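protein07.pdb, holding PDB, C-alpha atoms:
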ATOM      1  CA  HIS A   1      21.260  14.075  28.900  1.00  0.00           C
ATOM      2  CA  VAL A   2      18.794  15.474  26.432  1.00  0.00           C
ATOM      3  CA  ASN A   3      15.143  15.835  27.416  1.00  0.00           C
ATOM      4  CA  GLY A   4      13.145  17.041  24.436  1.00  0.00           C
ATOM      5  CA  ILE A   5      14.541  17.600  20.948  1.00  0.00           C
ATOM      6  CA  ASN A   6      18.164  17.212  19.844  1.00  0.00           C
ATOM      7  CA  LEU A   7      18.791  18.579  16.330  1.00  0.00           C
ATOM      8  CA  CYS A   8      22.279  18.559  14.886  1.00  0.00           C
ATOM      9  CA  GLY A   9      24.093  19.078  11.608  1.00  0.00           C
ATOM     10  CA  LEU A  10      26.498  16.219  11.066  1.00  0.00           C
ATOM     11  CA  ASN A  11      27.069  14.197  14.245  1.00  0.00           C
ATOM     12  CA  SER A  12      25.487  13.804  17.656  1.00  0.00           C
ATOM     13  CA  LEU A  13      26.920  12.020  20.697  1.00  0.00           C
ATOM     14  CA  THR A  14      24.742  11.860  23.829  1.00  0.00           C
ATOM     15  CA  GLY A  15      24.624   9.687  26.926  1.00  0.00           C
ATOM     16  CA  LYS A  16      20.837   9.577  27.122  1.00  0.00           C
ATOM     17  CA  THR A  17      18.041  11.088  25.061  1.00  0.00           C
ATOM     18  CA  ASN A  18      14.410  11.243  26.162  1.00  0.00           C
ATOM     19  CA  GLY A  19      12.491  12.544  23.159  1.00  0.00           C
ATOM     20  CA  VAL A  20      13.658  13.047  19.576  1.00  0.00           C
ATOM     21  CA  SER A  21      17.209  13.100  18.250  1.00  0.00           C
ATOM     22  CA  ALA A  22      17.858  13.909  14.579  1.00  0.00           C
ATOM     23  CA  CYS A  23      21.140  14.224  12.657  1.00  0.00           C
ATOM     24  CA  ILE A  24      22.123  14.429   9.013  1.00  0.00           C
ATOM     25  CA  LEU A  25      24.865  11.772   9.240  1.00  0.00           C
ATOM     26  CA  ILE A  26      25.612   9.945  12.506  1.00  0.00           C
ATOM     27  CA  ASN A  27      23.533   9.715  15.676  1.00  0.00           C
ATOM     28  CA  ILE A  28      25.262   7.952  18.606  1.00  0.00           C
ATOM     29  CA  SER A  29      23.697   7.626  22.042  1.00  0.00           C
ATOM     30  CA  GLY A  30      23.959   5.379  25.068  1.00  0.00           C
ATOM     31  CA  VAL A  31      20.190   5.289  25.611  1.00  0.00           C
ATOM     32  CA  ILE A  32      17.336   6.529  23.422  1.00  0.00           C
ATOM     33  CA  ASN A  33      13.811   6.723  24.834  1.00  0.00           C
ATOM     34  CA  GLY A  34      11.813   8.013  21.889  1.00  0.00           C
ATOM     35  CA  VAL A  35      12.774   8.487  18.243  1.00  0.00           C
ATOM     36  CA  SER A  36      16.238   8.579  16.711  1.00  0.00           C
ATOM     37  CA  PHE A  37      16.724   9.802  13.126  1.00  0.00           C
ATOM     38  CA  GLY A  38      20.149   9.351  11.575  1.00  0.00           C
ATOM     39  CA  GLY A  39      20.636  10.055   7.893  1.00  0.00           C
ATOM     40  CA  LEU A  40      23.406   7.474   7.665  1.00  0.00           C
ATOM     41  CA  ILE A  41      23.955   5.727  11.024  1.00  0.00           C
ATOM     42  CA  ASN A  42      22.083   5.287  14.312  1.00  0.00           C
ATOM     43  CA  ASN A  43      24.124   3.506  16.985  1.00  0.00           C
ATOM     44  CA  THR A  44      22.945   2.984  20.576  1.00  0.00           C
ATOM     45  CA  ILE A  45      23.355   0.637  23.492  1.00  0.00           C
ATOM     46  CA  GLN A  46      19.633   0.696  24.334  1.00  0.00           C
ATOM     47  CA  THR A  47      16.667   1.900  22.304  1.00  0.00           C
ATOM     48  CA  LYS A  48      13.116   2.120  23.602  1.00  0.00           C
ATOM     49  CA  GLY A  49      11.140   3.470  20.690  1.00  0.00           C
ATOM     50  CA  LEU A  50      12.093   3.915  17.040  1.00  0.00           C
ATOM     51  CA  GLN A  51      15.332   4.142  15.074  1.00  0.00           C
ATOM     52  CA  ILE A  52      15.189   5.455  11.494  1.00  0.00           C
ATOM     53  CA  GLY A  53      18.290   5.626   9.290  1.00  0.00           C
ATOM     54  CA  LEU A  54      20.176   3.789   6.560  1.00  0.00           C
ATOM     55  CA  PHE A  55      22.071   1.674   9.117  1.00  0.00           C
ATOM     56  CA  ASN A  56      20.633   1.122  12.611  1.00  0.00           C
ATOM     57  CA  LYS A  57      22.404  -0.725  15.403  1.00  0.00           C
ATOM     58  CA  THR A  58      21.490  -1.207  19.043  1.00  0.00           C
ATOM     59  CA  LYS A  59      22.340  -3.836  21.604  1.00  0.00           C
ATOM     60  CA  ASN A  60      19.016  -3.790  23.443  1.00  0.00           C
ATOM     61  CA  LEU A  61      15.884  -2.923  21.441  1.00  0.00           C
ATOM     62  CA  LYS A  62      12.342  -2.444  22.681  1.00  0.00           C
ATOM     63  CA  GLY A  63      10.618  -1.087  19.625  1.00  0.00           C
ATOM     64  CA  PHE A  64      11.299  -0.803  15.881  1.00  0.00           C
ATOM     65  CA  GLN A  65      14.189  -0.125  13.529  1.00  0.00           C
ATOM     66  CA  ILE A  66      13.524   1.085   9.974  1.00  0.00           C
ATOM     67  CA  GLY A  67      16.358   1.308   7.449  1.00  0.00           C
ATOM     68  CA  LEU A  68      18.466  -0.375   4.801  1.00  0.00           C
ATOM     69  CA  TRP A  69      20.104  -2.588   7.479  1.00  0.00           C
ATOM     70  CA  ASN A  70      18.923  -3.017  11.085  1.00  0.00           C
ATOM     71  CA  ASP A  71      20.848  -4.865  13.788  1.00  0.00           C
ATOM     72  CA  ASN A  72      20.038  -5.688  17.402  1.00  0.00           C
ATOM     73  CA  GLU A  73      21.068  -8.316  19.944  1.00  0.00           C
ATOM     74  CA  LYS A  74      18.572 -10.893  18.655  1.00  0.00           C
ATOM     75  CA  ARG A  75      18.665 -10.483  14.870  1.00  0.00           C
ATOM     76  CA  SER A  76      19.611  -8.424  11.831  1.00  0.00           C
ATOM     77  CA  PHE A  77      17.116  -7.592   9.090  1.00  0.00           C
ATOM     78  CA  PRO A  78      16.854  -5.243   6.130  1.00  0.00           C
ATOM     79  CA  ILE A  79      14.018  -2.672   5.939  1.00  0.00           C
ATOM     80  CA  ILE A  80      12.339  -3.301   9.337  1.00  0.00           C
ATOM     81  CA  ASN A  81      13.354  -4.965  12.588  1.00  0.00           C
ATOM     82  CA  TRP A  82      11.622  -5.178  15.959  1.00  0.00           C
ATOM     83  CA  ASP A  83      11.905  -6.571  19.457  1.00  0.00           C
ATOM     84  CA  PHE A  84       9.773  -6.140  22.559  1.00  0.00           C
ATOM     85  CA  ASP A  85      11.512  -8.345  25.146  1.00  0.00           C
TER      86      ASP A  85
END

Would you give me this structure, written as structure tokens?
Amino acid sequence: HVNGINLCGLNSLTGKTNGVSACILINISGVINGVSFGGLINNTIQTKGLQIGLFNKTKNLKGFQIGLWNDNEKRSFPIINWDFD
């Protein structure tokens, strides 16, 4: 678990992050509560907050995804995606 800020060079793999997680390439987490920055890929099971990266994927989204391609359980959109259910 990360509570606070997780900064990494290339890759990050966490079970749960409460706060901010930022990586140059790939950011993988089970649960993100906060903001996830991935230069190339953000991949989570659950996101409550914001994902920012070229490619964002989460199964359960409560918040926003901003990137070239954004995918969640309900839909996939370029540029911006959202869900609050």

- Message: Taking (10.4, 16.3, 22.8) in the coordinates of the supplied file, I want to know which residues reach to within 10 Å of it, counting only C-alpha atoms; could you give the answer as a VMD selection string?
- Response: chain A and resid 2 to 6 17 to 21 34 to 35

- Out of A:Pro78, A:Gly63, A:Gly9, A:Gly53, which residue has the shortest atom-to-atom distance to A:Gly39 when counting only C-alpha atoms?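 Closest to A:Gly39 of all the choices is A:Gly53.
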
- Message: I'd like the interatomic distance between atom CA of A:Asn33 and atom CA of A:Asn81, to a tenth of an Å.
- Response: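 Between atom CA of A:Asn33 and atom CA of A:Asn81 the gap works out to 16.9 Å.
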
- Could you state the separation of atom CA of A:Gly67 and atom CA of A:Lys48 in Å, given to one decimal place?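 So the two atoms, atom CA of A:Gly67 and atom CA of A:Lys48, lie 16.5 Å apart.
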
- Task: Please provide as a ChimeraX atom specification all residues within 9 Å of A:Val31, with the sequence filter that same-chain residues fewer than 3 positions apart are discarded (counting all atoms listed in the file).
- Result: /A:14-18,44-48

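Here atom CA of A:Asp85 stands at a distance of 25.4 Å from atom CA of A:Ala22.
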
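With all atoms listed in the file as the atoms that count, the minimum distance from A:His1 to the choices A:Ile26, A:Ile52, A:Ile41, A:Ile32 is reached by A:Ile32.
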
- Message: The residues within 7 Å of (23.3, 3.3, 18.3), using only C-alpha atoms and the coordinates of the file, should be reported as a PyMOL selection string; which are they?
- Response: chain A and resi 27-29+42-45+56-58

- Task: Output the residue selection produced by the PyMOL selection byres ((chain A and resi 73) around 7) on the file above, formatted as a list in words.
- Result: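 On this input, the PyMOL selection byres ((chain A and resi 73) around 7) captures Lys59, Asn60, Asn72, Lys74 and Arg75 of chain A.
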
- Which residue gives the smallest distance to A:Asn11 among A:Asp71, A:Gly38, A:Leu61, A:Gly30, with all atoms listed in the file counted?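 Checking each candidate against A:Asn11, we get A:Gly38 as the closest.
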
Can stretch 44-61 of chain A be brought up to N, CA and C atoms and written out as a tab-separated table (two decimals), in the coordinates of the input?
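The result, written out as rebuild.tsv:
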chain	number	residue	atom	x	y	z
A	44	THR	N	23.26	2.83	19.16
A	44	THR	CA	22.94	2.98	20.58
A	44	THR	C	23.24	1.71	21.34
A	45	ILE	N	23.28	1.82	22.64
A	45	ILE	CA	23.36	0.64	23.49
A	45	ILE	C	21.94	0.14	23.77
A	46	GLN	N	21.03	1.05	24.04
A	46	GLN	CA	19.63	0.70	24.33
A	46	GLN	C	18.69	1.66	23.64
A	47	THR	N	17.70	1.09	22.95
A	47	THR	CA	16.67	1.90	22.30
A	47	THR	C	15.30	1.43	22.77
A	48	LYS	N	14.52	2.37	23.29
A	48	LYS	CA	13.12	2.12	23.60
A	48	LYS	C	12.33	3.09	22.75
A	49	GLY	N	11.86	2.60	21.61
A	49	GLY	CA	11.14	3.47	20.69
A	49	GLY	C	11.44	3.10	19.25
A	50	LEU	N	11.94	4.08	18.48
A	50	LEU	CA	12.09	3.92	17.04
A	50	LEU	C	13.42	4.47	16.57
A	51	GLN	N	14.12	3.69	15.75
A	51	GLN	CA	15.33	4.14	15.07
A	51	GLN	C	15.04	4.19	13.58
A	52	ILE	N	15.38	5.32	12.93
A	52	ILE	CA	15.19	5.46	11.49
A	52	ILE	C	16.50	5.98	10.90
A	53	GLY	N	17.05	5.23	9.95
A	53	GLY	CA	18.29	5.63	9.29
A	53	GLY	C	18.69	4.57	8.28
A	54	LEU	N	19.73	4.81	7.51
A	54	LEU	CA	20.18	3.79	6.56
A	54	LEU	C	20.68	2.56	7.30
A	55	PHE	N	21.52	2.77	8.33
A	55	PHE	CA	22.07	1.67	9.12
A	55	PHE	C	21.77	1.92	10.58
A	56	ASN	N	21.03	1.01	11.21
A	56	ASN	CA	20.63	1.12	12.61
A	56	ASN	C	21.23	-0.02	13.40
A	57	LYS	N	21.83	0.31	14.55
A	57	LYS	CA	22.40	-0.72	15.40
A	57	LYS	C	22.14	-0.37	16.85
A	58	THR	N	21.66	-1.35	17.61
A	58	THR	CA	21.49	-1.21	19.04
A	58	THR	C	21.70	-2.56	19.69
A	59	LYS	N	22.17	-2.57	20.90
A	59	LYS	CA	22.34	-3.84	21.60
A	59	LYS	C	21.00	-4.32	22.15
A	60	ASN	N	20.27	-3.43	22.80
A	60	ASN	CA	19.02	-3.79	23.44
A	60	ASN	C	17.89	-2.96	22.84
A	61	LEU	N	16.98	-3.61	22.12
A	61	LEU	CA	15.88	-2.92	21.44
A	61	LEU	C	14.54	-3.29	22.05
